[in-house]
Amino acid sequence: MTGVRDAEALVARIRGVHEAIRDEVVAACERQSIDELSAVVGDDAGDTLFAVDRVSESVLLARFEELARDWPCLLVAEGLGTDGRRVLPEGTRPRHIEIVVIVDPIDGTRGLMYQKRPGWILTGVAAGPPPRTLADIELAVQTEIPLVKQHLSDELWAVRGQGASALRANRLTRQMVPLDLRPSAATTIAHGFATIARFFPGNRARLAEIDDEVVESVLGPPQPGKAQLFEDQYISTGGQLYELMAGHDRFIADLRPLFERARPGGTALCCHPYDLCTELIARELGVVVTGADGRPLAVPLDLTSDVSWVGYANTSIRNIIEPHLRESLRRRGLLG
């Protein structure tokens, strides 16, 4: 039983918010050039902001101001000021906050603004009042922002303990059809997709060393003329989770914070809680999602905490990969 009041009605309202953001962002991508959309417009608590982010933020705030009339909330998202927090309706006392909502209006901004890959709108909801963590999220909604040349867009949502649902929307005809998402049931990573994220300069070589080490431990040394495994550096945590949910990928790990803690002058860009606020959907579908230490994710719902995470398509894949991954990290002093 979820502690969020009228969870199904709230999911429907949030889906409406997502659809409005999706349509406005796609329209902006159709109207404006790549150079216009990729212009840097500021730095917020969580990340660099681009012109395309401003499009989604304006819709987000207006829609959540309406939603908060029925569910008083603490909204956590980029574009809401230095700390990324806004109590709605304005003036609501902390003890009257009913839900804590964390949102990434566009996850995968870089790929979307260059029209390389779809982005995602991510929302997770915990029963209030704050503070809350990822472990407290009880419902989540994830919506694809398609490329301009793409007419189909997927919508996913889940309420804790009730499984997950998905639809595929045609943005031209407005028709929706049920979507059956199934994580891979494979018991090996051989000939599949498995990835350790290394998006940005700084630690890519060391992350690649771990990747090669783990794969060789599991599959043996590379065979001449053969491709044992493939990777997909999808620069979107929501997108990575989707690839696990859809059965496209068998293993994904984002370990960047483990290296960044020792970086002089502070950490480079890492995964944050809003990037992972829909991992509930993946878990409701059977995907195993943990921290790098193998424990459930329980980081604060904020814009600044750096999060390492690992996703396995199923428990069999976890049992194969996790011991070798953890041993590789321990040898480097990255795990206790």
# chains A, B, ... in the order shown; residues from 1 in each chain; ligands from 1
call {"tool": "closest_atom_pairs", "arguments": {"of": "stretch 170-247 of chain A", "to": "stretch 146-152 of chain A", "cutoff": "10 Å", "atoms": "only C-alpha atoms", "output": "CSV"}}
result
residue,atom,partner,partner_atom,distance
A:Asn170,CA,A:Leu152,CA,4.7
A:Arg171,CA,A:His151,CA,5.5
A:Leu172,CA,A:His151,CA,6.3
A:Thr173,CA,A:His151,CA,9.0
A:Arg174,CA,A:Leu152,CA,9.7
A:Gln175,CA,A:Leu152,CA,9.8
A:Met176,CA,A:Leu152,CA,9.4
call {"tool": "write_last_selection", "arguments": {"atoms": "C-alpha atoms", "output": "PDB file, in the first residue's frame"}}
result
ATOM      1  CA  ASN A 170       2.101   8.282 -31.810  1.00  0.00           C
ATOM      2  CA  ARG A 171       2.681  12.021 -31.608  1.00  0.00           C
ATOM      3  CA  LEU A 172       1.237  12.573 -35.097  1.00  0.00           C
ATOM      4  CA  THR A 173      -2.061  10.700 -34.665  1.00  0.00           C
ATOM      5  CA  ARG A 174      -2.217  10.986 -30.819  1.00  0.00           C
ATOM      6  CA  GLN A 175      -3.020   7.271 -30.657  1.00  0.00           C
ATOM      7  CA  MET A 176      -1.614   5.115 -27.843  1.00  0.00           C
TER       8      MET A 176
END
call {"tool": "residues_around", "arguments": {"residues": "A:Ala7", "least_positions_apart": "4", "cutoff": "12 Å", "atoms": "only C-alpha atoms", "output": "list in words"}}
result
Met1, Thr2, Gly3, Val11, Ala12, Arg13, Ile14, Trp71, Ile99, Gly124, Val125, Ala126, Ala127, Ile137, Glu138, Leu139, Ala140, Val141, Trp157, Ala158, Val159, Arg160 and Gln162 of chain A
call {"tool": "write_last_selection", "arguments": {"atoms": "N, CA and C atoms", "output": "tab-separated table (two decimals), in the first residue's frame"}}
result
chain	number	residue	atom	x	y	z
A	1	MET	N	0.85	-1.20	0.00
A	1	MET	CA	0.00	0.00	0.00
A	1	MET	C	0.89	1.24	0.00
A	2	THR	N	0.70	2.10	-0.99
A	2	THR	CA	1.48	3.32	-1.07
A	2	THR	C	0.97	4.36	-0.09
A	3	GLY	N	1.89	5.17	0.42
A	3	GLY	CA	1.51	6.26	1.32
A	3	GLY	C	1.10	7.52	0.59
A	11	VAL	N	-0.58	9.75	-10.78
A	11	VAL	CA	0.16	9.28	-11.96
A	11	VAL	C	-0.44	9.89	-13.23
A	12	ALA	N	-1.75	9.88	-13.32
A	12	ALA	CA	-2.40	10.44	-14.52
A	12	ALA	C	-2.08	11.93	-14.67
A	13	ARG	N	-2.07	12.67	-13.58
A	13	ARG	CA	-1.76	14.10	-13.65
A	13	ARG	C	-0.31	14.32	-14.08
A	14	ILE	N	0.59	13.53	-13.52
A	14	ILE	CA	2.01	13.68	-13.87
A	14	ILE	C	2.24	13.28	-15.32
A	71	TRP	N	-2.31	18.35	-4.45
A	71	TRP	CA	-1.27	17.65	-3.69
A	71	TRP	C	-0.18	18.66	-3.31
A	99	ILE	N	3.55	15.61	-0.53
A	99	ILE	CA	4.45	14.79	-1.33
A	99	ILE	C	5.73	15.56	-1.64
A	124	GLY	N	9.88	11.28	-9.88
A	124	GLY	CA	9.68	10.35	-8.78
A	124	GLY	C	8.96	11.05	-7.65
A	125	VAL	N	8.07	10.35	-6.96
A	125	VAL	CA	7.25	10.94	-5.90
A	125	VAL	C	7.37	10.12	-4.63
A	126	ALA	N	7.67	10.80	-3.52
A	126	ALA	CA	7.68	10.19	-2.20
A	126	ALA	C	6.64	10.88	-1.34
A	127	ALA	N	6.05	10.12	-0.42
A	127	ALA	CA	5.11	10.74	0.52
A	127	ALA	C	5.88	11.68	1.43
A	137	ILE	N	10.77	6.74	-2.71
A	137	ILE	CA	9.92	6.99	-3.87
A	137	ILE	C	8.91	5.87	-4.03
A	138	GLU	N	7.64	6.26	-4.15
A	138	GLU	CA	6.55	5.28	-4.21
A	138	GLU	C	5.85	5.24	-5.56
A	139	LEU	N	6.03	6.25	-6.36
A	139	LEU	CA	5.52	6.18	-7.73
A	139	LEU	C	6.44	6.98	-8.63
A	140	ALA	N	6.51	6.58	-9.88
A	140	ALA	CA	7.43	7.21	-10.83
A	140	ALA	C	6.83	7.18	-12.23
A	141	VAL	N	7.17	8.20	-13.00
A	141	VAL	CA	6.71	8.33	-14.38
A	141	VAL	C	7.91	8.72	-15.25
A	157	TRP	N	5.28	4.03	-16.30
A	157	TRP	CA	5.02	4.47	-14.94
A	157	TRP	C	4.86	3.26	-14.03
A	158	ALA	N	5.01	3.49	-12.73
A	158	ALA	CA	4.87	2.41	-11.76
A	158	ALA	C	4.49	2.99	-10.41
A	159	VAL	N	3.73	2.21	-9.66
A	159	VAL	CA	3.45	2.45	-8.25
A	159	VAL	C	4.05	1.29	-7.48
A	160	ARG	N	4.74	1.60	-6.41
A	160	ARG	CA	5.46	0.56	-5.68
A	160	ARG	C	4.54	-0.60	-5.30
A	162	GLN	N	2.94	-2.55	-7.29
A	162	GLN	CA	1.82	-2.78	-8.21
A	162	GLN	C	2.29	-3.05	-9.64
call {"tool": "select_by_dssp", "arguments": {"residues": "stretch 3-111 of chain A", "states": "strand (DSSP E or B)", "output": "count of residues only"}}
result
24
call {"tool": "select_by_dssp", "arguments": {"residues": "stretch 20-140 of chain A", "states": "alpha helix (DSSP H)", "output": "ChimeraX atom specification"}}
result
/A:20-31,34-37,51-67,109-113
call {"tool": "write_last_selection", "arguments": {"atoms": "C-alpha atoms", "output": "PDB file, in the first residue's frame"}}
result
ATOM      1  CA  ALA A  20       2.970  18.865 -22.182  1.00  0.00           C
ATOM      2  CA  ILE A  21       6.746  19.109 -21.667  1.00  0.00           C
ATOM      3  CA  ARG A  22       7.401  16.548 -24.413  1.00  0.00           C
ATOM      4  CA  ASP A  23       5.248  18.373 -26.943  1.00  0.00           C
ATOM      5  CA  GLU A  24       6.738  21.772 -26.151  1.00  0.00           C
ATOM      6  CA  VAL A  25      10.323  20.527 -26.352  1.00  0.00           C
ATOM      7  CA  VAL A  26       9.729  18.702 -29.640  1.00  0.00           C
ATOM      8  CA  ALA A  27       8.093  21.837 -31.048  1.00  0.00           C
ATOM      9  CA  ALA A  28      11.107  23.908 -29.964  1.00  0.00           C
ATOM     10  CA  CYS A  29      13.435  21.408 -31.629  1.00  0.00           C
ATOM     11  CA  GLU A  30      11.433  21.751 -34.843  1.00  0.00           C
ATOM     12  CA  ARG A  31      11.527  25.568 -34.718  1.00  0.00           C
ATOM     13  CA  ILE A  34      20.940  23.060 -32.985  1.00  0.00           C
ATOM     14  CA  ASP A  35      23.148  26.066 -32.219  1.00  0.00           C
ATOM     15  CA  GLU A  36      20.222  27.905 -30.636  1.00  0.00           C
ATOM     16  CA  LEU A  37      19.124  24.962 -28.507  1.00  0.00           C
ATOM     17  CA  ALA A  51      18.538  26.863 -23.974  1.00  0.00           C
ATOM     18  CA  VAL A  52      16.451  23.725 -24.520  1.00  0.00           C
ATOM     19  CA  ASP A  53      16.273  23.260 -20.722  1.00  0.00           C
ATOM     20  CA  ARG A  54      14.487  26.605 -20.359  1.00  0.00           C
ATOM     21  CA  VAL A  55      11.687  25.344 -22.591  1.00  0.00           C
ATOM     22  CA  SER A  56      10.943  22.397 -20.321  1.00  0.00           C
ATOM     23  CA  GLU A  57      11.331  24.358 -17.072  1.00  0.00           C
ATOM     24  CA  SER A  58       8.649  26.901 -17.894  1.00  0.00           C
ATOM     25  CA  VAL A  59       6.084  24.182 -18.621  1.00  0.00           C
ATOM     26  CA  LEU A  60       7.153  22.190 -15.570  1.00  0.00           C
ATOM     27  CA  LEU A  61       6.600  24.978 -13.049  1.00  0.00           C
ATOM     28  CA  ALA A  62       3.272  26.113 -14.487  1.00  0.00           C
ATOM     29  CA  ARG A  63       1.871  22.572 -14.516  1.00  0.00           C
ATOM     30  CA  PHE A  64       3.071  21.720 -11.021  1.00  0.00           C
ATOM     31  CA  GLU A  65       1.588  24.911  -9.635  1.00  0.00           C
ATOM     32  CA  GLU A  66      -1.762  23.534 -10.832  1.00  0.00           C
ATOM     33  CA  LEU A  67      -1.108  20.020  -9.544  1.00  0.00           C
ATOM     34  CA  THR A 109      19.832  16.982 -22.881  1.00  0.00           C
ATOM     35  CA  ARG A 110      23.094  16.745 -24.776  1.00  0.00           C
ATOM     36  CA  GLY A 111      21.952  13.958 -27.072  1.00  0.00           C
ATOM     37  CA  LEU A 112      18.531  15.522 -27.613  1.00  0.00           C
ATOM     38  CA  MET A 113      19.655  19.047 -28.429  1.00  0.00           C
TER      39      MET A 113
END
call {"tool": "residues_around", "arguments": {"residues": "A:Glu209", "least_positions_apart": "4", "cutoff": "12 Å", "atoms": "only C-alpha atoms", "output": "NGL selection string"}}
result
:A and (196 or 198 or 203-205 or 213-216 or 325 or 328-329 or 332)
call {"tool": "write_last_selection", "arguments": {"atoms": "C-alpha atoms", "output": "CSV table (one decimal), in the first residue's frame"}}
result
chain,number,residue,atom,x,y,z
A,196,ILE,CA,30.3,0.8,-17.8
A,198,ARG,CA,32.5,6.7,-19.2
A,203,ASN,CA,38.6,8.9,-15.7
A,204,ARG,CA,37.7,7.1,-19.0
A,205,ALA,CA,40.9,5.1,-19.1
A,213,GLU,CA,38.9,-6.7,-16.4
A,214,VAL,CA,35.3,-7.7,-15.4
A,215,VAL,CA,34.4,-8.9,-18.9
A,216,GLU,CA,37.6,-11.0,-19.2
A,325,LEU,CA,32.9,-6.0,-10.3
A,328,SER,CA,37.9,-5.1,-9.3
A,329,LEU,CA,36.7,-2.0,-7.3
A,332,ARG,CA,41.6,-0.2,-6.5
call {"tool": "atom_distance", "arguments": {"atom1": "atom CA of A:Ile121", "atom2": "atom CA of A:Val103"}}
result
7.6 Å
call {"tool": "atom_distance", "arguments": {"atom1": "atom CA of A:Gly238", "atom2": "atom CA of A:Arg182"}}
result
16.1 Å
call {"tool": "closest_residue", "arguments": {"among": "A:Glu284, A:Asp302, A:Asp275, A:Glu322", "to": "A:Arg132", "atoms": "only C-alpha atoms"}}
result
A:Asp302
call {"tool": "closest_residue", "arguments": {"among": "A:Val287, A:Ala164, A:Ile281, A:Leu258", "to": "A:Ser316", "atoms": "only C-alpha atoms"}}
result
A:Val287
call {"tool": "atom_distance", "arguments": {"atom1": "atom CA of A:Gly286", "atom2": "atom CA of A:Met245"}}
result
8.2 Å
call {"tool": "residues_around", "arguments": {"residues": "A:Cys270", "least_positions_apart": "6", "cutoff": "8 Å", "atoms": "only C-alpha atoms", "output": "list in words"}}
result
Arg256, Pro257, Asp306 and Val307 of chain A
call {"tool": "write_last_selection", "arguments": {"atoms": "C-alpha atoms", "output": "CSV table (one decimal), in the first residue's frame"}}
result
chain,number,residue,atom,x,y,z
A,256,ARG,CA,32.1,7.8,-11.9
A,257,PRO,CA,31.6,9.1,-8.3
A,306,ASP,CA,26.7,12.1,-6.6
A,307,VAL,CA,25.4,8.6,-7.1
call {"tool": "closest_atom_pairs", "arguments": {"of": "stretch 177-224 of chain A", "to": "stretch 311-314 of chain A", "cutoff": "10 Å", "atoms": "only C-alpha atoms", "output": "JSON lines"}}
result
{"residue": "A:Arg182", "atom": "CA", "partner": "A:Ala313", "partner_atom": "CA", "distance": 9.3}
{"residue": "A:Pro183", "atom": "CA", "partner": "A:Ala313", "partner_atom": "CA", "distance": 5.6}
{"residue": "A:Ser184", "atom": "CA", "partner": "A:Ala313", "partner_atom": "CA", "distance": 5.7}
{"residue": "A:Ala185", "atom": "CA", "partner": "A:Asn314", "partner_atom": "CA", "distance": 6.6}
{"residue": "A:Ala186", "atom": "CA", "partner": "A:Asn314", "partner_atom": "CA", "distance": 8.1}
{"residue": "A:Thr187", "atom": "CA", "partner": "A:Asn314", "partner_atom": "CA", "distance": 8.2}
{"residue": "A:Ile189", "atom": "CA", "partner": "A:Ala313", "partner_atom": "CA", "distance": 9.9}
{"residue": "A:Ala194", "atom": "CA", "partner": "A:Tyr312", "partner_atom": "CA", "distance": 9.3}
{"residue": "A:Thr195", "atom": "CA", "partner": "A:Gly311", "partner_atom": "CA", "distance": 9.9}
call {"tool": "residues_around", "arguments": {"residues": "A:Asp107", "least_positions_apart": "6", "cutoff": "10 Å", "atoms": "only C-alpha atoms", "output": "number ranges by chain"}}
result
A: 53, 118-122, 144-145, 235-239, 274-276
call {"tool": "write_last_selection", "arguments": {"atoms": "N, CA and C atoms", "output": "CSV table (one decimal), in the first residue's frame"}}
result
chain,number,residue,atom,x,y,z
A,53,ASP,N,16.7,23.5,-22.1
A,53,ASP,CA,16.3,23.3,-20.7
A,53,ASP,C,15.2,24.3,-20.3
A,118,PRO,N,17.0,10.2,-28.3
A,118,PRO,CA,15.9,10.8,-27.5
A,118,PRO,C,16.3,11.2,-26.1
A,119,GLY,N,15.6,12.1,-25.5
A,119,GLY,CA,15.8,12.4,-24.1
A,119,GLY,C,14.6,11.9,-23.3
A,120,TRP,N,14.6,12.1,-22.0
A,120,TRP,CA,13.5,11.5,-21.2
A,120,TRP,C,13.1,12.5,-20.1
A,121,ILE,N,11.8,12.6,-19.8
A,121,ILE,CA,11.3,13.3,-18.6
A,121,ILE,C,11.2,12.3,-17.5
A,122,LEU,N,11.7,12.6,-16.3
A,122,LEU,CA,11.7,11.7,-15.2
A,122,LEU,C,11.1,12.4,-14.0
A,144,GLU,N,9.4,9.5,-22.9
A,144,GLU,CA,10.4,9.7,-23.9
A,144,GLU,C,10.1,11.0,-24.6
A,145,ILE,N,11.2,11.8,-24.9
A,145,ILE,CA,11.1,13.0,-25.7
A,145,ILE,C,11.8,12.6,-27.1
A,235,ILE,N,24.1,8.7,-23.2
A,235,ILE,CA,24.4,9.8,-22.2
A,235,ILE,C,23.0,10.2,-21.6
A,236,SER,N,22.4,9.3,-20.9
A,236,SER,CA,21.1,9.6,-20.2
A,236,SER,C,20.8,8.4,-19.3
A,237,THR,N,20.8,8.7,-18.0
A,237,THR,CA,20.5,7.6,-17.0
A,237,THR,C,19.1,7.0,-17.3
A,238,GLY,N,18.1,7.9,-17.5
A,238,GLY,CA,16.8,7.4,-17.8
A,238,GLY,C,16.8,6.5,-19.1
A,239,GLY,N,17.6,6.9,-20.1
A,239,GLY,CA,17.7,6.1,-21.3
A,239,GLY,C,18.4,4.8,-21.0
A,274,TYR,N,18.1,13.0,-9.3
A,274,TYR,CA,17.0,13.2,-10.2
A,274,TYR,C,17.2,12.4,-11.5
A,275,ASP,N,18.5,12.0,-11.8
A,275,ASP,CA,18.7,11.1,-12.9
A,275,ASP,C,18.2,9.7,-12.7
A,276,LEU,N,18.1,9.3,-11.4
A,276,LEU,CA,17.7,8.0,-11.0
A,276,LEU,C,16.3,7.9,-10.4
call {"tool": "closest_residue", "arguments": {"among": "A:Ala169, A:Leu301, A:Arg295, A:Glu260", "to": "A:Val101", "atoms": "only C-alpha atoms"}}
result
A:Leu301
call {"tool": "decode", "arguments": {"residues": "stretch 115-156 of chain A", "atoms": "N, CA and C atoms", "output": "PDB file, in the first residue's frame"}}
result
ATOM      1  N   GLN A 115      20.083  16.299 -31.536  1.00  0.00           N
ATOM      2  CA  GLN A 115      19.238  15.376 -32.299  1.00  0.00           C
ATOM      3  C   GLN A 115      19.954  14.064 -32.626  1.00  0.00           C
ATOM      4  N   LYS A 116      20.694  13.571 -31.628  1.00  0.00           N
ATOM      5  CA  LYS A 116      21.379  12.297 -31.761  1.00  0.00           C
ATOM      6  C   LYS A 116      20.552  11.142 -31.203  1.00  0.00           C
ATOM      7  N   ARG A 117      19.967  11.364 -30.002  1.00  0.00           N
ATOM      8  CA  ARG A 117      19.179  10.328 -29.354  1.00  0.00           C
ATOM      9  C   ARG A 117      18.053  10.981 -28.566  1.00  0.00           C
ATOM     10  N   PRO A 118      16.972  10.240 -28.320  1.00  0.00           N
ATOM     11  CA  PRO A 118      15.879  10.802 -27.521  1.00  0.00           C
ATOM     12  C   PRO A 118      16.314  11.163 -26.106  1.00  0.00           C
ATOM     13  N   GLY A 119      15.620  12.131 -25.520  1.00  0.00           N
ATOM     14  CA  GLY A 119      15.773  12.437 -24.107  1.00  0.00           C
ATOM     15  C   GLY A 119      14.597  11.861 -23.344  1.00  0.00           C
ATOM     16  N   TRP A 120      14.580  12.101 -22.025  1.00  0.00           N
ATOM     17  CA  TRP A 120      13.529  11.544 -21.176  1.00  0.00           C
ATOM     18  C   TRP A 120      13.117  12.548 -20.112  1.00  0.00           C
ATOM     19  N   ILE A 121      11.850  12.560 -19.782  1.00  0.00           N
ATOM     20  CA  ILE A 121      11.332  13.315 -18.646  1.00  0.00           C
ATOM     21  C   ILE A 121      11.161  12.317 -17.513  1.00  0.00           C
ATOM     22  N   LEU A 122      11.729  12.631 -16.342  1.00  0.00           N
ATOM     23  CA  LEU A 122      11.733  11.706 -15.222  1.00  0.00           C
ATOM     24  C   LEU A 122      11.104  12.354 -13.995  1.00  0.00           C
ATOM     25  N   THR A 123      10.213  11.639 -13.337  1.00  0.00           N
ATOM     26  CA  THR A 123       9.597  12.145 -12.113  1.00  0.00           C
ATOM     27  C   THR A 123       9.445  11.011 -11.109  1.00  0.00           C
ATOM     28  N   GLY A 124       9.881  11.275  -9.880  1.00  0.00           N
ATOM     29  CA  GLY A 124       9.678  10.347  -8.780  1.00  0.00           C
ATOM     30  C   GLY A 124       8.959  11.053  -7.647  1.00  0.00           C
ATOM     31  N   VAL A 125       8.069  10.350  -6.960  1.00  0.00           N
ATOM     32  CA  VAL A 125       7.249  10.943  -5.898  1.00  0.00           C
ATOM     33  C   VAL A 125       7.372  10.118  -4.625  1.00  0.00           C
ATOM     34  N   ALA A 126       7.674  10.803  -3.524  1.00  0.00           N
ATOM     35  CA  ALA A 126       7.683  10.188  -2.197  1.00  0.00           C
ATOM     36  C   ALA A 126       6.639  10.876  -1.336  1.00  0.00           C
ATOM     37  N   ALA A 127       6.046  10.124  -0.424  1.00  0.00           N
ATOM     38  CA  ALA A 127       5.109  10.740   0.519  1.00  0.00           C
ATOM     39  C   ALA A 127       5.884  11.680   1.427  1.00  0.00           C
ATOM     40  N   GLY A 128       5.332  12.885   1.634  1.00  0.00           N
ATOM     41  CA  GLY A 128       6.008  13.895   2.432  1.00  0.00           C
ATOM     42  C   GLY A 128       5.653  13.792   3.888  1.00  0.00           C
ATOM     43  N   PRO A 129       6.134  14.740   4.701  1.00  0.00           N
ATOM     44  CA  PRO A 129       6.981  15.868   4.332  1.00  0.00           C
ATOM     45  C   PRO A 129       8.458  15.471   4.201  1.00  0.00           C
ATOM     46  N   PRO A 130       9.310  16.396   3.717  1.00  0.00           N
ATOM     47  CA  PRO A 130      10.741  16.099   3.585  1.00  0.00           C
ATOM     48  C   PRO A 130      11.399  16.041   4.965  1.00  0.00           C
ATOM     49  N   PRO A 131      12.656  15.504   5.020  1.00  0.00           N
ATOM     50  CA  PRO A 131      13.470  15.048   3.884  1.00  0.00           C
ATOM     51  C   PRO A 131      13.115  13.620   3.466  1.00  0.00           C
ATOM     52  N   ARG A 132      13.432  13.284   2.221  1.00  0.00           N
ATOM     53  CA  ARG A 132      13.186  11.956   1.683  1.00  0.00           C
ATOM     54  C   ARG A 132      14.388  11.524   0.841  1.00  0.00           C
ATOM     55  N   THR A 133      14.464  10.199   0.558  1.00  0.00           N
ATOM     56  CA  THR A 133      15.553   9.645  -0.242  1.00  0.00           C
ATOM     57  C   THR A 133      14.976   8.863  -1.417  1.00  0.00           C
ATOM     58  N   LEU A 134      15.857   8.386  -2.287  1.00  0.00           N
ATOM     59  CA  LEU A 134      15.410   7.558  -3.413  1.00  0.00           C
ATOM     60  C   LEU A 134      14.652   6.321  -2.932  1.00  0.00           C
ATOM     61  N   ALA A 135      15.022   5.806  -1.770  1.00  0.00           N
ATOM     62  CA  ALA A 135      14.349   4.611  -1.246  1.00  0.00           C
ATOM     63  C   ALA A 135      12.900   4.888  -0.873  1.00  0.00           C
ATOM     64  N   ASP A 136      12.536   6.166  -0.706  1.00  0.00           N
ATOM     65  CA  ASP A 136      11.176   6.528  -0.310  1.00  0.00           C
ATOM     66  C   ASP A 136      10.239   6.745  -1.496  1.00  0.00           C
ATOM     67  N   ILE A 137      10.769   6.739  -2.711  1.00  0.00           N
ATOM     68  CA  ILE A 137       9.923   6.988  -3.874  1.00  0.00           C
ATOM     69  C   ILE A 137       8.905   5.866  -4.034  1.00  0.00           C
ATOM     70  N   GLU A 138       7.638   6.260  -4.153  1.00  0.00           N
ATOM     71  CA  GLU A 138       6.546   5.283  -4.207  1.00  0.00           C
ATOM     72  C   GLU A 138       5.846   5.241  -5.556  1.00  0.00           C
ATOM     73  N   LEU A 139       6.030   6.250  -6.363  1.00  0.00           N
ATOM     74  CA  LEU A 139       5.517   6.185  -7.732  1.00  0.00           C
ATOM     75  C   LEU A 139       6.444   6.976  -8.635  1.00  0.00           C
ATOM     76  N   ALA A 140       6.514   6.576  -9.883  1.00  0.00           N
ATOM     77  CA  ALA A 140       7.429   7.207 -10.826  1.00  0.00           C
ATOM     78  C   ALA A 140       6.830   7.182 -12.227  1.00  0.00           C
ATOM     79  N   VAL A 141       7.168   8.205 -13.005  1.00  0.00           N
ATOM     80  CA  VAL A 141       6.708   8.330 -14.383  1.00  0.00           C
ATOM     81  C   VAL A 141       7.908   8.717 -15.248  1.00  0.00           C
ATOM     82  N   GLN A 142       8.033   8.077 -16.395  1.00  0.00           N
ATOM     83  CA  GLN A 142       9.145   8.329 -17.315  1.00  0.00           C
ATOM     84  C   GLN A 142       8.591   8.416 -18.734  1.00  0.00           C
ATOM     85  N   THR A 143       8.893   9.526 -19.430  1.00  0.00           N
ATOM     86  CA  THR A 143       8.336   9.766 -20.762  1.00  0.00           C
ATOM     87  C   THR A 143       9.443  10.132 -21.743  1.00  0.00           C
ATOM     88  N   GLU A 144       9.419   9.507 -22.877  1.00  0.00           N
ATOM     89  CA  GLU A 144      10.420   9.742 -23.918  1.00  0.00           C
ATOM     90  C   GLU A 144      10.147  11.048 -24.649  1.00  0.00           C
ATOM     91  N   ILE A 145      11.210  11.816 -24.874  1.00  0.00           N
ATOM     92  CA  ILE A 145      11.142  12.999 -25.742  1.00  0.00           C
ATOM     93  C   ILE A 145      11.775  12.595 -27.064  1.00  0.00           C
ATOM     94  N   PRO A 146      10.974  12.360 -28.095  1.00  0.00           N
ATOM     95  CA  PRO A 146      11.523  11.810 -29.331  1.00  0.00           C
ATOM     96  C   PRO A 146      12.305  12.841 -30.135  1.00  0.00           C
ATOM     97  N   LEU A 147      13.129  12.345 -31.020  1.00  0.00           N
ATOM     98  CA  LEU A 147      13.779  13.216 -32.003  1.00  0.00           C
ATOM     99  C   LEU A 147      12.722  13.766 -32.954  1.00  0.00           C
ATOM    100  N   VAL A 148      13.039  14.862 -33.604  1.00  0.00           N
ATOM    101  CA  VAL A 148      12.094  15.468 -34.544  1.00  0.00           C
ATOM    102  C   VAL A 148      11.676  14.474 -35.623  1.00  0.00           C
ATOM    103  N   LYS A 149      12.601  13.633 -36.072  1.00  0.00           N
ATOM    104  CA  LYS A 149      12.294  12.680 -37.141  1.00  0.00           C
ATOM    105  C   LYS A 149      11.582  11.421 -36.632  1.00  0.00           C
ATOM    106  N   GLN A 150      11.288  11.369 -35.341  1.00  0.00           N
ATOM    107  CA  GLN A 150      10.729  10.179 -34.709  1.00  0.00           C
ATOM    108  C   GLN A 150       9.289  10.466 -34.286  1.00  0.00           C
ATOM    109  N   HIS A 151       8.342   9.628 -34.706  1.00  0.00           N
ATOM    110  CA  HIS A 151       6.945   9.913 -34.392  1.00  0.00           C
ATOM    111  C   HIS A 151       6.411   9.107 -33.213  1.00  0.00           C
ATOM    112  N   LEU A 152       7.169   8.138 -32.726  1.00  0.00           N
ATOM    113  CA  LEU A 152       6.726   7.323 -31.599  1.00  0.00           C
ATOM    114  C   LEU A 152       7.456   7.723 -30.317  1.00  0.00           C
ATOM    115  N   SER A 153       6.742   7.660 -29.213  1.00  0.00           N
ATOM    116  CA  SER A 153       7.281   8.068 -27.919  1.00  0.00           C
ATOM    117  C   SER A 153       6.716   7.157 -26.843  1.00  0.00           C
ATOM    118  N   ASP A 154       7.581   6.618 -25.987  1.00  0.00           N
ATOM    119  CA  ASP A 154       7.139   5.673 -24.967  1.00  0.00           C
ATOM    120  C   ASP A 154       6.883   6.367 -23.631  1.00  0.00           C
ATOM    121  N   GLU A 155       5.866   5.887 -22.918  1.00  0.00           N
ATOM    122  CA  GLU A 155       5.517   6.397 -21.591  1.00  0.00           C
ATOM    123  C   GLU A 155       5.476   5.220 -20.623  1.00  0.00           C
ATOM    124  N   LEU A 156       6.159   5.363 -19.486  1.00  0.00           N
ATOM    125  CA  LEU A 156       6.264   4.292 -18.509  1.00  0.00           C
ATOM    126  C   LEU A 156       5.899   4.850 -17.134  1.00  0.00           C
TER     127      LEU A 156
END
